[in-house]
$ cat work-v1.txt   # compact mmCIF, C-alpha atoms
# COMPACT_ATOMS: atom_id res chain seq x y z
CA MET L 1 19.24 130.06 126.47
CA SER L 2 17.09 130.54 123.39
CA THR L 3 18.97 127.89 121.41
CA TYR L 4 18.28 125.26 124.09
CA ASN L 5 14.60 126.23 124.22
CA ASN L 6 14.31 124.99 120.63
CA TYR L 7 14.75 121.40 121.87
CA ILE L 8 11.93 121.52 124.43
CA PRO L 9 9.03 120.88 121.99
CA TYR L 10 10.67 117.74 120.64
CA VAL L 11 11.42 116.29 124.09
CA ILE L 12 7.95 117.05 125.45
CA THR L 13 6.25 115.87 122.25
CA PHE L 14 7.91 112.48 122.60
CA ILE L 15 6.96 112.11 126.25
CA SER L 16 3.40 113.38 125.87
CA THR L 17 2.51 111.25 122.84
CA CYS L 18 3.60 107.88 124.23
CA GLU L 19 0.91 105.25 123.97
CA SER L 20 -0.78 104.53 127.30
CA PRO L 21 1.72 102.39 129.25
CA GLY L 22 1.38 100.17 132.26
CA THR L 23 4.97 100.99 133.19
CA LEU L 24 7.58 103.43 131.96
CA ARG L 25 9.52 100.47 130.59
CA GLU L 26 6.52 99.56 128.41
CA ALA L 27 6.33 103.14 127.17
CA PHE L 28 9.84 102.87 125.81
CA SER L 29 9.33 99.33 124.50
CA SER L 30 6.62 100.35 122.04
CA GLU L 31 7.91 100.23 118.46
CA ARG L 32 6.16 103.50 117.60
CA ASN L 33 7.62 105.19 120.66
CA LEU L 34 11.11 103.92 119.87
CA ILE L 35 10.90 105.23 116.32
CA ARG L 36 9.79 108.58 117.71
CA LEU L 37 12.68 108.59 120.19
CA LEU L 38 15.25 107.69 117.51
CA SER L 39 13.98 110.56 115.37
CA LEU L 40 14.43 112.89 118.31
CA LEU L 41 17.98 111.70 118.97
CA LYS L 42 18.86 112.09 115.31
CA LEU L 43 17.50 115.61 115.37
CA LEU L 44 19.50 116.55 118.47
CA SER L 45 22.75 114.98 117.24
CA GLY L 46 22.47 116.80 113.94
CA SER L 47 21.43 120.19 115.26
CA ALA L 48 23.30 120.50 118.55
CA MET L 49 26.89 120.61 117.38
CA ALA L 50 28.81 122.35 120.09
CA ASN L 51 31.72 124.73 120.12
CA GLU L 52 34.35 123.33 122.46
CA ALA L 53 36.50 125.87 124.26
CA LYS L 54 39.75 124.43 125.62
CA PHE L 55 41.73 125.98 128.47
CA THR L 56 44.93 124.54 129.92
CA PHE L 57 45.23 124.67 133.71
CA THR L 58 48.70 125.62 134.90
CA GLY L 59 47.95 126.30 138.55
CA ASP L 60 46.35 129.73 138.18
CA VAL L 61 42.71 129.35 139.31
CA ASP L 62 42.01 133.06 139.03
CA ALA L 63 43.08 133.15 135.37
CA LEU L 64 41.04 130.00 134.64
CA CYS L 65 37.92 131.63 136.11
CA THR L 66 38.50 134.72 133.98
CA HIS L 67 38.91 132.72 130.75
CA ILE L 68 35.79 130.61 131.35
CA SER L 69 33.57 133.50 132.41
CA THR L 70 34.67 135.55 129.39
CA PHE L 71 33.87 132.65 127.07
CA ILE L 72 30.42 132.17 128.60
CA SER L 73 29.63 135.86 128.18
CA GLU L 74 30.68 135.86 124.54
CA LYS L 75 28.72 132.72 123.63
CA SER L 76 25.37 134.36 124.49
CA GLY L 77 23.50 131.08 124.88
CA SER L 78 24.79 129.14 121.83
CA PRO L 79 25.53 125.45 122.52
CA ALA L 80 29.04 124.95 123.83
CA VAL L 81 31.31 122.79 125.96
CA VAL L 82 34.18 124.07 128.09
CA THR L 83 37.20 121.79 128.53
CA VAL L 84 39.84 122.26 131.21
CA ASN L 85 43.04 120.40 130.28
CA ILE L 86 45.48 119.16 132.91
CA PRO L 87 48.46 117.88 130.89
CA GLU L 88 50.91 117.82 133.79
CA LYS L 89 51.19 118.45 137.49
CA SER L 90 50.83 122.13 138.32
CA MET L 91 51.89 124.25 141.26
CA PRO L 92 49.60 126.92 142.75
CA VAL L 93 50.06 130.35 141.21
CA GLY L 94 49.46 133.29 143.54
CA ASP L 95 46.47 132.80 145.83
CA SER L 96 44.97 129.98 143.78
CA PRO L 97 43.54 128.10 146.79
CA GLY L 98 41.73 131.30 147.72
CA HIS L 99 39.98 131.34 144.32
CA LEU L 100 38.61 127.78 144.54
CA GLN L 101 35.28 128.99 145.96
CA GLU L 102 35.00 131.39 143.04
CA PHE L 103 35.75 128.54 140.63
CA ARG L 104 33.12 126.35 142.26
CA LYS L 105 30.49 129.09 142.00
CA LEU L 106 31.36 129.64 138.34
CA ILE L 107 30.94 125.93 137.60
CA ARG L 108 27.60 125.78 139.37
CA LEU L 109 26.20 128.76 137.45
CA SER L 110 27.58 127.86 134.03
CA PRO L 111 24.92 127.13 131.38
CA TYR L 112 27.48 124.84 129.71
CA PRO L 113 29.06 121.58 130.84
CA ILE L 114 32.61 121.95 132.17
CA VAL L 115 34.75 118.92 131.32
CA CYS L 116 38.19 118.16 132.72
CA ASP L 117 40.63 116.33 130.43
CA ILE L 118 43.44 114.65 132.36
CA SER L 119 46.54 113.41 130.56
CA ALA L 120 48.98 114.04 133.42
CA ASP L 121 50.60 111.06 135.14
CA ALA L 122 50.91 113.03 138.37
CA MET L 123 48.63 115.65 139.93
CA SER L 124 48.94 118.09 142.80
CA PRO L 125 46.14 118.38 145.41
CA LEU L 126 45.07 121.60 143.64
CA ASP L 127 44.77 119.71 140.34
CA VAL L 128 42.60 117.07 142.01
CA VAL L 129 40.23 119.63 143.53
CA VAL L 130 39.90 121.51 140.22
CA ALA L 131 39.25 118.28 138.30
CA LEU L 132 36.60 117.00 140.72
CA THR L 133 34.84 120.36 140.75
CA CYS L 134 34.17 120.06 137.00
CA ASP L 135 31.00 118.37 135.71
CA LEU L 136 32.74 115.52 133.88
CA ILE L 137 36.20 113.95 133.83
CA ARG L 138 37.96 112.27 130.92
CA CYS L 139 41.20 110.62 131.99
CA SER L 140 43.54 108.92 129.55
CA GLN L 141 45.72 107.43 132.30
CA LYS L 142 44.97 104.14 134.05
CA SER L 143 46.36 105.58 137.26
CA VAL L 144 47.58 108.97 138.38
CA THR L 145 50.01 109.75 141.17
CA LEU L 146 48.93 112.21 143.83
CA SER L 147 52.05 114.25 144.43
CA ALA L 148 51.97 116.71 147.33
CA GLN L 149 54.68 118.78 148.90
CA ALA L 150 55.20 118.63 152.63
CA GLY L 151 52.68 120.84 154.41
CA ASP L 152 50.42 121.31 151.38
CA SER L 153 47.29 122.87 152.92
CA LEU L 154 45.07 121.53 150.10
CA LEU L 155 45.92 117.87 150.66
CA PRO L 156 43.12 117.28 153.25
CA THR L 157 40.65 119.07 150.94
CA ALA L 158 41.72 116.92 147.98
CA LYS L 159 41.25 113.76 150.08
CA ARG L 160 37.76 114.83 151.17
CA HIS L 161 36.80 115.61 147.57
CA TRP L 162 38.10 112.24 146.43
CA GLN L 163 36.18 110.37 149.13
CA PHE L 164 33.01 112.37 148.49
CA PHE L 165 32.88 111.85 144.72
CA THR L 166 34.41 108.36 144.41
CA GLY L 167 33.46 106.78 147.73
CA GLU L 168 37.08 105.72 148.21
CA GLN L 169 39.48 106.74 150.95
CA ILE L 170 42.95 107.75 149.86
CA GLY L 171 44.54 107.20 153.25
CA GLY L 172 48.28 106.77 152.80
CA ARG L 173 47.98 105.82 149.12
CA SER L 174 49.49 108.05 146.46
CA VAL L 175 47.90 106.48 143.36
CA LEU L 176 44.48 107.63 142.14
CA ASP L 177 42.19 105.48 140.01
CA PHE L 178 39.80 107.74 138.10
CA SER L 179 37.74 104.86 136.69
CA ASN L 180 34.80 105.59 139.01
CA VAL L 181 34.43 109.15 137.75
CA ASN L 182 35.87 108.82 134.25
CA CYS L 183 33.33 109.35 131.45
CA GLY L 184 35.74 107.88 128.89
CA THR L 185 38.23 109.19 126.37
CA THR L 186 36.14 108.70 123.24
CA THR L 187 32.97 110.41 124.41
CA SER L 188 31.49 112.67 121.78
CA LEU L 189 30.76 115.85 123.65
CA ASP L 190 28.70 117.17 120.76
CA ARG L 191 26.25 114.29 120.85
CA ASN L 192 26.15 113.24 124.51
CA VAL L 193 26.67 116.41 126.50
CA VAL L 194 25.55 119.54 124.73
CA GLY L 195 21.96 118.34 124.41
CA PHE L 196 21.39 118.78 128.15
CA LEU L 197 19.31 121.85 128.92
CA PRO L 198 21.12 124.44 131.07
CA HIS L 199 18.72 124.11 134.01
CA TYR L 200 19.53 120.40 134.19
CA TRP L 201 23.24 121.13 134.57
CA MET L 202 22.47 123.66 137.30
CA ALA L 203 20.27 121.15 139.10
CA PHE L 204 22.85 118.37 138.97
CA ARG L 205 25.42 120.67 140.53
CA ASN L 206 23.26 122.36 143.14
CA VAL L 207 21.26 119.54 144.64
CA GLY L 208 23.04 117.36 147.16
CA MET L 209 26.21 116.23 145.45
CA ALA L 210 28.07 119.53 145.60
CA ALA L 211 26.48 120.79 148.83
CA GLY L 212 28.93 121.14 151.65
CA VAL L 213 31.89 119.56 149.89
CA PHE L 214 34.02 122.57 150.73
CA MET L 215 32.86 122.68 154.36
CA PRO L 216 32.19 119.09 155.41
CA THR L 217 32.34 117.72 158.92
CA LEU L 218 33.36 114.43 157.30
CA LYS L 219 36.32 112.86 159.02
CA GLU L 220 38.81 110.65 157.25
CA GLY L 221 37.74 107.04 157.60
CA GLU L 222 34.07 107.90 158.21
CA GLU L 223 31.40 106.42 155.97
CA ILE L 224 30.23 109.08 153.50
CA ASP L 225 26.54 108.06 153.54
CA SER L 226 26.24 108.47 157.30
CA ALA L 227 28.33 111.60 157.64
CA GLU L 228 26.82 114.97 158.33
CA LEU L 229 27.54 117.76 155.88
CA GLN L 230 27.69 121.37 156.95
CA LEU L 231 25.45 123.51 154.78
CA THR L 232 25.39 127.21 154.04
CA ARG L 233 24.39 128.54 157.44
CA ALA L 234 26.37 128.02 160.61
CA GLY L 235 24.91 125.24 162.73
CA GLU L 236 22.95 123.66 159.90
CA SER L 237 23.64 120.07 159.04
CA ALA L 238 21.88 117.27 157.19
CA GLN L 239 22.36 113.66 156.22
CA ARG L 240 23.76 113.23 152.73
CA LEU L 241 20.93 111.95 150.54
CA THR L 242 21.30 108.94 148.27
CA GLY L 243 22.49 109.56 144.73
CA ILE L 244 19.18 108.82 143.02
CA PHE L 245 17.45 111.54 145.05
CA ASN L 246 20.12 114.08 144.21
CA PHE L 247 20.21 113.43 140.51
CA TYR L 248 16.49 113.04 139.86
CA PHE L 249 14.93 115.48 142.33
CA GLY L 250 17.30 118.23 141.18
CA PRO L 251 16.17 118.33 137.55
CA LYS L 252 12.56 117.92 138.64
CA ILE L 253 12.66 120.97 140.88
CA ALA L 254 14.73 122.99 138.42
CA SER L 255 12.26 122.37 135.60
CA ILE L 256 9.36 123.43 137.84
CA PHE L 257 11.28 126.54 138.94
CA ALA L 258 11.76 127.40 135.26
CA ALA L 259 8.02 127.15 134.68
CA GLY L 260 7.35 129.36 137.66
CA ASP L 261 9.84 131.96 136.44
CA VAL L 262 8.21 132.05 133.01
CA LEU L 263 4.72 132.51 134.45
CA ASN L 264 5.64 134.95 137.21
CA GLY L 265 8.34 137.03 135.56
CA GLY L 266 7.89 136.78 131.81
CA SER L 267 10.22 135.03 129.37
CA ALA L 268 11.80 135.23 125.94
CA CYS L 269 10.02 132.00 124.96
CA THR L 270 8.08 133.82 122.25
CA SER L 271 7.37 130.71 120.18
CA PHE L 272 5.01 129.43 122.87
CA MET L 273 3.52 132.56 124.36
CA GLY L 274 0.04 131.27 123.56
CA GLN L 275 0.56 128.18 125.72
CA VAL L 276 2.21 130.24 128.46
CA ASP L 277 -0.68 132.70 128.49
CA GLU L 278 -3.19 129.83 128.58
CA TYR L 279 -1.62 128.34 131.68
CA ALA L 280 -1.26 131.77 133.30
CA CYS L 281 -4.98 132.38 132.70
CA GLN L 282 -5.83 128.99 134.21
CA LEU L 283 -3.88 129.82 137.37
CA ALA L 284 -5.40 133.32 137.59
CA ALA L 285 -8.96 132.04 137.06
CA ALA L 286 -8.56 129.42 139.77
CA LYS L 287 -7.37 131.99 142.30
CA ALA L 288 -10.04 134.54 141.33
CA ASP L 289 -13.05 132.27 141.88
CA ASP L 290 -13.16 131.60 145.62
CA ALA L 291 -16.39 129.60 145.46
CA ARG L 292 -15.09 127.27 142.75
CA MET L 293 -11.75 126.90 144.55
CA LYS L 294 -13.55 125.94 147.75
CA GLN L 295 -15.69 123.38 145.89
CA ALA L 296 -12.62 121.87 144.22
CA LEU L 297 -10.68 121.58 147.47
CA GLU L 298 -13.61 119.99 149.30
CA GLY L 299 -13.45 117.05 146.90
CA VAL L 300 -9.70 116.94 146.31
CA ALA L 301 -9.03 114.05 148.71
CA LYS L 302 -11.57 111.52 149.97
CA VAL L 303 -10.37 108.92 152.46
CA ASP L 304 -12.37 105.83 153.41
CA ARG L 305 -10.95 103.28 155.81
CA THR L 306 -12.68 100.11 154.67
CA THR L 307 -10.98 97.68 157.07
CA VAL L 308 -8.53 97.84 159.94
CA ASP L 309 -5.55 97.54 157.59
CA THR L 310 -7.00 98.89 154.31
CA VAL L 311 -7.81 102.41 153.15
CA GLU L 312 -9.26 103.80 149.92
CA VAL L 313 -8.17 107.27 148.80
CA THR L 314 -9.66 109.21 145.87
CA LEU L 315 -7.56 112.14 144.62
CA THR L 316 -8.23 114.69 141.90
CA SER L 317 -5.67 116.70 139.95
CA ASP L 318 -6.71 119.70 142.04
CA ILE L 319 -4.41 118.27 144.71
CA LEU L 320 -1.91 120.79 143.33
CA TYR L 321 -4.02 123.56 144.86
CA ALA L 322 -4.27 121.86 148.24
CA ASP L 323 -2.09 123.36 150.94
CA LEU L 324 0.76 121.56 152.68
CA GLY L 325 -1.57 120.64 155.53
CA GLU L 326 -3.74 118.55 153.22
CA VAL L 327 -0.72 116.73 151.80
CA THR L 328 0.52 116.17 155.35
CA LYS L 329 -2.83 114.51 156.20
CA LEU L 330 -2.29 112.12 153.27
CA LEU L 331 1.19 111.38 154.62
CA ALA L 332 -0.36 110.47 157.97
CA VAL L 333 -2.90 108.15 156.31
CA VAL L 334 -0.28 106.24 154.33
CA ASN L 335 2.20 106.24 157.23
CA ASP L 336 -0.27 104.66 159.68
CA LYS L 337 1.51 101.53 160.94
CA ASN L 338 -1.77 99.60 160.96
CA ILE L 339 -2.42 100.28 157.27
CA LYS L 340 -1.04 97.55 155.03
CA THR L 341 -2.86 98.25 151.74
CA VAL L 342 -3.82 101.55 150.10
CA TYR L 343 -6.15 101.81 147.11
CA PHE L 344 -5.74 105.09 145.22
CA ARG L 345 -8.16 106.32 142.55
CA LEU L 346 -7.00 109.27 140.43
CA GLU L 347 -9.61 111.52 138.81
CA ASP L 348 -9.70 114.78 136.85
CA GLY L 349 -9.91 118.06 138.73
CA MET L 350 -12.11 121.11 138.28
CA LEU L 351 -9.28 123.65 138.09
CA THR L 352 -6.35 121.72 136.66
CA ASP L 353 -5.41 119.54 133.69
CA ALA L 354 -2.54 117.43 132.37
CA GLY L 355 -0.37 120.51 131.99
CA SER L 356 -0.69 121.67 135.60
CA ILE L 357 2.57 121.43 137.55
CA LEU L 358 2.60 124.45 139.89
CA PRO L 359 1.00 124.58 143.35
CA ARG L 360 -1.46 127.35 144.20
CA GLU L 361 1.26 129.24 146.11
CA ASN L 362 3.91 129.66 143.40
CA GLU L 363 5.21 133.21 143.80
CA THR L 364 8.66 132.11 145.00
CA HIS L 365 10.95 129.14 144.47
CA MET L 366 10.72 128.23 148.15
CA LEU L 367 6.92 127.92 148.05
CA ILE L 368 7.14 125.71 144.95
CA TYR L 369 9.90 123.61 146.51
CA LYS L 370 8.06 123.02 149.79
CA TRP L 371 4.95 121.63 148.09
CA HIS L 372 6.82 119.30 145.75
CA ARG L 373 9.22 118.20 148.49
CA LYS L 374 6.20 117.20 150.62
CA TRP L 375 4.70 115.37 147.64
CA GLU L 376 7.96 113.48 147.10
CA GLN L 377 7.77 112.36 150.75
CA LEU L 378 4.31 110.95 150.08
CA LEU L 379 5.63 109.03 147.08
CA ALA L 380 8.42 107.63 149.25
CA LEU L 381 5.86 106.30 151.76
CA VAL L 382 3.90 104.69 148.93
CA GLN L 383 6.92 102.47 148.34
CA THR L 384 6.58 101.04 151.86
CA LYS L 385 3.00 99.77 151.48
CA LYS L 386 1.04 97.58 149.11
CA VAL L 387 -0.50 100.20 146.85
CA VAL L 388 -3.03 99.63 144.08
CA CYS L 389 -3.59 102.72 141.96
CA THR L 390 -6.39 103.19 139.43
CA LEU L 391 -6.09 106.00 136.87
CA ALA L 392 -9.64 106.98 135.91
CA GLY L 393 -9.26 110.50 134.53
CA ILE L 394 -8.18 111.97 131.20
CA GLN L 395 -6.45 115.19 132.27
CA ILE L 396 -4.34 113.89 135.15
CA CYS L 397 -1.63 116.25 136.41
CA PRO L 398 2.01 115.00 136.44
CA PRO L 399 2.25 114.71 140.27
CA LEU L 400 -0.64 112.23 140.24
CA LEU L 401 0.96 110.38 137.33
CA GLU L 402 4.06 110.02 139.51
CA LEU L 403 1.86 108.43 142.17
CA PHE L 404 0.37 106.11 139.56
CA PHE L 405 3.76 104.88 138.35
CA SER L 406 5.10 104.61 141.91
CA ALA L 407 2.35 102.14 142.89
CA GLU L 408 3.04 98.43 143.13
CA GLU L 409 -0.07 97.61 141.10
CA ARG L 410 -1.49 99.93 138.42
CA ILE L 411 -4.90 99.84 136.74
CA TRP L 412 -5.52 101.94 133.62
CA ALA L 413 -9.25 102.80 133.68
CA SER L 414 -9.06 106.06 131.74
CA PRO L 415 -11.31 106.47 128.67
CA SER L 416 -8.24 107.84 126.88
CA LYS L 417 -5.68 105.53 125.29
CA GLN L 418 -2.90 108.09 125.46
CA LEU L 419 -0.76 109.25 128.34
CA VAL L 420 -0.25 113.01 128.42
CA TRP L 421 2.76 114.01 130.51
CA CYS L 422 2.81 117.78 130.97
CA LYS L 423 2.39 120.21 128.06
CA ILE L 424 4.78 122.31 126.00
CA PRO L 425 6.65 124.53 126.60
CA PHE L 426 6.91 123.35 130.22
CA ALA L 427 8.82 120.31 131.43
CA TYR L 428 8.19 118.09 134.43
CA SER L 429 11.06 115.71 135.05
CA PRO L 430 10.00 112.54 136.95
CA GLY L 431 11.27 112.44 140.52
CA PRO L 432 13.37 109.80 142.28
CA GLU L 433 10.52 107.78 143.81
CA LEU L 434 8.99 107.16 140.39
CA ARG L 435 12.41 105.97 139.18
CA ARG L 436 12.56 103.52 142.06
CA SER L 437 9.14 102.09 141.32
CA PRO L 438 8.72 98.46 140.16

$ encode --input "work-v1.txt" --output "structure tokens"
Amino acid sequence: MSTYNNYIPYVITFISTCESPGTLREAFSSERNLIRLLSLLKLLSGSAMANEAKFTFTGDVDALCTHISTFISEKSGSPAVVTVNIPEKSMPVGDSPGHLQEFRKLIRLSPYPIVCDISADAMSPLDVVVALTCDLIRCSQKSVTLSAQAGDSLLPTAKRHWQFFTGEQIGGRSVLDFSNVNCGTTTSLDRNVVGFLPHYWMAFRNVGMAAGVFMPTLKEGEEIDSAELQLTRAGESAQRLTGIFNFYFGPKIASIFAAGDVLNGGSACTSFMGQVDEYACQLAAAKADDARMKQALEGVAKVDRTTVDTVEVTLTSDILYADLGEVTKLLAVVNDKNIKTVYFRLEDGMLTDAGSILPRENETHMLIYKWHRKWEQLLALVQTKKVVCTLAGIQICPPLLELFFSAEERIWASPSKQLVWCKIPFAYSPGPELRRSP
């Protein structure tokens, strides 16, 4: 992982030094910001040349798992891409279907992207499942024939996978069009793939899209977006979330988990131990001073209902230290059916700054997840009302910046002319509701 950590300063430096924008689009329209971004991309394309390991799949899933896991162990964190080639239709070797769960787990835990190259003009159901389990697909064929023997037990699984990832039902058809999942045949893996940090790959795979695909209650012919998916525990089920939530909330939570792991369990990020220690001291000091914590939380959220359908809410960056109950109260305020307009004012906190991303209870991933999941629900409700948000502070934490950019109308009243988004070496990836904002 150490090699990937080298990219973090450049990514965060670009984000944190953008000139104060009214919208994210304006941040990336600035000539100075574009020059900075181009320099970053040039740096990554020149320094992140990957080693591509190629393995040909011949129907033996167990052997494929062994080859990939051995390669990952030997790479020891250096940038790399793993390619699984399917040059022709294969037949299952041994108990290959029984090793598909193992293959799926290996893909989900891999720090490297797993790409499937398809040049075959016909594929077995096993080939289809293996291909769709990989992170990316490159297919050189315009169409591929799904060829299954009578009684092939993997055919229903292959059909479910195809419907889940492409949105198309196979039905009685035998021809597969990979255009919806094909990333192209000329993609430069070195430039476009290897630059992703490992925790982003893990987030993409683990949040939503891959959940329950091996154990779905989805019936053939049923709409995928309304189908229930069986999760890890018996009796649990949930609606499949929309794609933007899966792909943006995943990296957001993974990046916050990574910060929590560094602060709670130590890390090999020696280049930035000073910054890590500074944030750790900030968290410790906040928890140690009960009187100051109480004072901060008393002023963290002020709500004033000015008219029957209008409410004014002042929030400070110390909202991160508020418990779930306080955030739930904000949800109730915004969700009130009589409220049509909400005026937010964002101010600096007593205990936090622009680099604060962890809630007060951050000892476990679940505690971190629950707070940020509740915050994301608040941002979703903001999209349903007329919201005017005024940014008045200088050291505004990233969650409040998400609220600012999610608002319909934004007013920049900060004395500072620069937007600071998190601080190195930590990353805070914007969530899905910010991406949906106007």

$ closest_residue --input "work-v1.txt" --among "L:Met123, L:Pro97, L:Ile114, L:Lys105" --to "Ala53 in chain L" --atoms "all atoms listed in the file"
L:Ile114

$ closest_residue --input "work-v1.txt" --among "L:Asp62, L:Asp323, L:Glu278, L:Glu409" --to "Ser356 in chain L" --atoms "all atoms listed in the file"
L:Glu278

$ residues_around --input "work-v1.txt" --residues "range 368-374 of chain L" --least-positions-apart "3" --cutoff "8 Å" --atoms "all atoms listed in the file" --output "list in words"
Ile253, Ile256, Phe257, Asp323, Leu324, Val327, Thr328, Leu358, Pro359, Glu361, Asn362, Glu363, Thr364, His365, Gln377 and Leu378 of chain L

$ residues_around --input "work-v1.txt" --residues "Ala380 in chain L" --least-positions-apart "6" --cutoff "9 Å" --atoms "only C-alpha atoms" --output "list in words"
Ser406, Pro432, Glu433 and Leu434 of chain L

$ atom_distance --input "work-v1.txt" --atom1 "CA of Thr157 in chain L" --atom2 "CA of Phe71 in chain L"
28.3 Å

$ closest_residue --input "work-v1.txt" --among "L:Gly265, L:Gly393, L:Gly325, L:Pro398" --to "Pro415 in chain L" --atoms "only C-alpha atoms"
L:Gly393

$ residues_around --input "work-v1.txt" --residues "Leu263 in chain L" --least-positions-apart "5" --cutoff "9 Å" --atoms "only C-alpha atoms" --output "JSON, numbers by chain"
{"L": [258, 276, 277, 279, 280]}

$ write_last_selection --input "work-v1.txt" --atoms "C-alpha atoms" --output "compact mmCIF listing (two decimals), in the frame of the given file"
# COMPACT_ATOMS: atom_id res chain seq x y z
CA ALA L 258 11.76 127.40 135.26
CA VAL L 276 2.21 130.24 128.46
CA ASP L 277 -0.68 132.70 128.49
CA TYR L 279 -1.62 128.34 131.68
CA ALA L 280 -1.26 131.77 133.30

$ residues_around --input "work-v1.txt" --residues "Pro125 in chain L" --least-positions-apart "4" --cutoff "8 Å" --atoms "only C-alpha atoms" --output "list of chain:residue names"
L:Val129, L:Leu146, L:Ser147, L:Ala148, L:Asp152, L:Leu154, L:Leu155, L:Thr157, L:Ala158

$ residues_near_point --input "work-v1.txt" --point "(3.1, 117.2, 141.2)" --cutoff "7 Å" --atoms "all atoms listed in the file" --output "PyMOL selection string"
chain L and resi 320+357+372+375+397-400

$ residues_around --input "work-v1.txt" --residues "His99 in chain L" --least-positions-apart "6" --cutoff "12 Å" --atoms "only C-alpha atoms" --output "PDB file with C-alpha atoms, in the coordinates of the input"
ATOM      1  CA  GLY L  59      47.950 126.300 138.550  1.00  0.00           C
ATOM      2  CA  ASP L  60      46.350 129.730 138.180  1.00  0.00           C
ATOM      3  CA  VAL L  61      42.710 129.350 139.310  1.00  0.00           C
ATOM      4  CA  ASP L  62      42.010 133.060 139.030  1.00  0.00           C
ATOM      5  CA  ALA L  63      43.080 133.150 135.370  1.00  0.00           C
ATOM      6  CA  LEU L  64      41.040 130.000 134.640  1.00  0.00           C
ATOM      7  CA  CYS L  65      37.920 131.630 136.110  1.00  0.00           C
ATOM      8  CA  THR L  66      38.500 134.720 133.980  1.00  0.00           C
ATOM      9  CA  PRO L  92      49.600 126.920 142.750  1.00  0.00           C
ATOM     10  CA  VAL L  93      50.060 130.350 141.210  1.00  0.00           C
ATOM     11  CA  LYS L 105      30.490 129.090 142.000  1.00  0.00           C
ATOM     12  CA  LEU L 106      31.360 129.640 138.340  1.00  0.00           C
ATOM     13  CA  LEU L 126      45.070 121.600 143.640  1.00  0.00           C
ATOM     14  CA  VAL L 129      40.230 119.630 143.530  1.00  0.00           C
ATOM     15  CA  VAL L 130      39.900 121.510 140.220  1.00  0.00           C
TER      16      VAL L 130
END

$ atom_distance --input "work-v1.txt" --atom1 "CA of Lys75 in chain L" --atom2 "CA of Thr133 in chain L"
22.0 Å

$ residues_near_point --input "work-v1.txt" --point "(-6.5, 100.2, 138.0)" --cutoff "12 Å" --atoms "all atoms listed in the file" --output "short mmCIF file (atom, residue, chain, number, x, y, z; two decimals) with C-alpha atoms, in the frame of the given file"
data_model
loop_
_atom_site.label_atom_id
_atom_site.label_comp_id
_atom_site.auth_asym_id
_atom_site.auth_seq_id
_atom_site.Cartn_x
_atom_site.Cartn_y
_atom_site.Cartn_z
CA GLY L 22 1.38 100.17 132.26
CA TYR L 343 -6.15 101.81 147.11
CA PHE L 344 -5.74 105.09 145.22
CA ARG L 345 -8.16 106.32 142.55
CA LEU L 346 -7.00 109.27 140.43
CA GLU L 347 -9.61 111.52 138.81
CA VAL L 387 -0.50 100.20 146.85
CA VAL L 388 -3.03 99.63 144.08
CA CYS L 389 -3.59 102.72 141.96
CA THR L 390 -6.39 103.19 139.43
CA LEU L 391 -6.09 106.00 136.87
CA ALA L 392 -9.64 106.98 135.91
CA GLY L 393 -9.26 110.50 134.53
CA PHE L 404 0.37 106.11 139.56
CA PHE L 405 3.76 104.88 138.35
CA ALA L 407 2.35 102.14 142.89
CA GLU L 408 3.04 98.43 143.13
CA GLU L 409 -0.07 97.61 141.10
CA ARG L 410 -1.49 99.93 138.42
CA ILE L 411 -4.90 99.84 136.74
CA TRP L 412 -5.52 101.94 133.62
CA ALA L 413 -9.25 102.80 133.68
CA SER L 414 -9.06 106.06 131.74
#

$ closest_residue --input "work-v1.txt" --among "L:Ser429, L:Gln169, L:Gln383, L:Thr316" --to "Val342 in chain L" --atoms "all atoms listed in the file"
L:Gln383

$ atom_distance --input "work-v1.txt" --atom1 "CA of Lys385 in chain L" --atom2 "CA of Ala332 in chain L"
13.0 Å

$ closest_residue --input "work-v1.txt" --among "L:Ser124, L:Thr166, L:Ala131, L:His67" --to "Met91 in chain L" --atoms "all atoms listed in the file"
L:Ser124

$ closest_residue --input "work-v1.txt" --among "L:Ala286, L:Val303, L:Val115, L:Ile68" --to "Leu351 in chain L" --atoms "only C-alpha atoms"
L:Ala286

$ decode --input "work-v1.txt" --residues "range 334-339 of chain L" --atoms "N, CA and C atoms" --output "compact mmCIF listing (two decimals), in the first residue's frame"
# COMPACT_ATOMS: atom_id res chain seq x y z
N VAL L 334 -35.98 19.22 8.82
CA VAL L 334 -36.00 19.36 7.35
C VAL L 334 -37.14 18.55 6.75
N ASN L 335 -37.50 17.44 7.39
CA ASN L 335 -38.52 16.54 6.84
C ASN L 335 -39.94 16.99 7.14
N ASP L 336 -40.09 18.02 7.98
CA ASP L 336 -41.42 18.53 8.31
C ASP L 336 -42.16 18.91 7.03
N LYS L 337 -43.34 18.31 6.82
CA LYS L 337 -44.06 18.52 5.56
C LYS L 337 -44.52 19.96 5.38
N ASN L 338 -44.61 20.71 6.51
CA ASN L 338 -45.04 22.10 6.42
C ASN L 338 -43.90 23.06 6.06
N ILE L 339 -42.67 22.57 6.21
CA ILE L 339 -41.50 23.40 5.90
C ILE L 339 -41.21 23.35 4.40
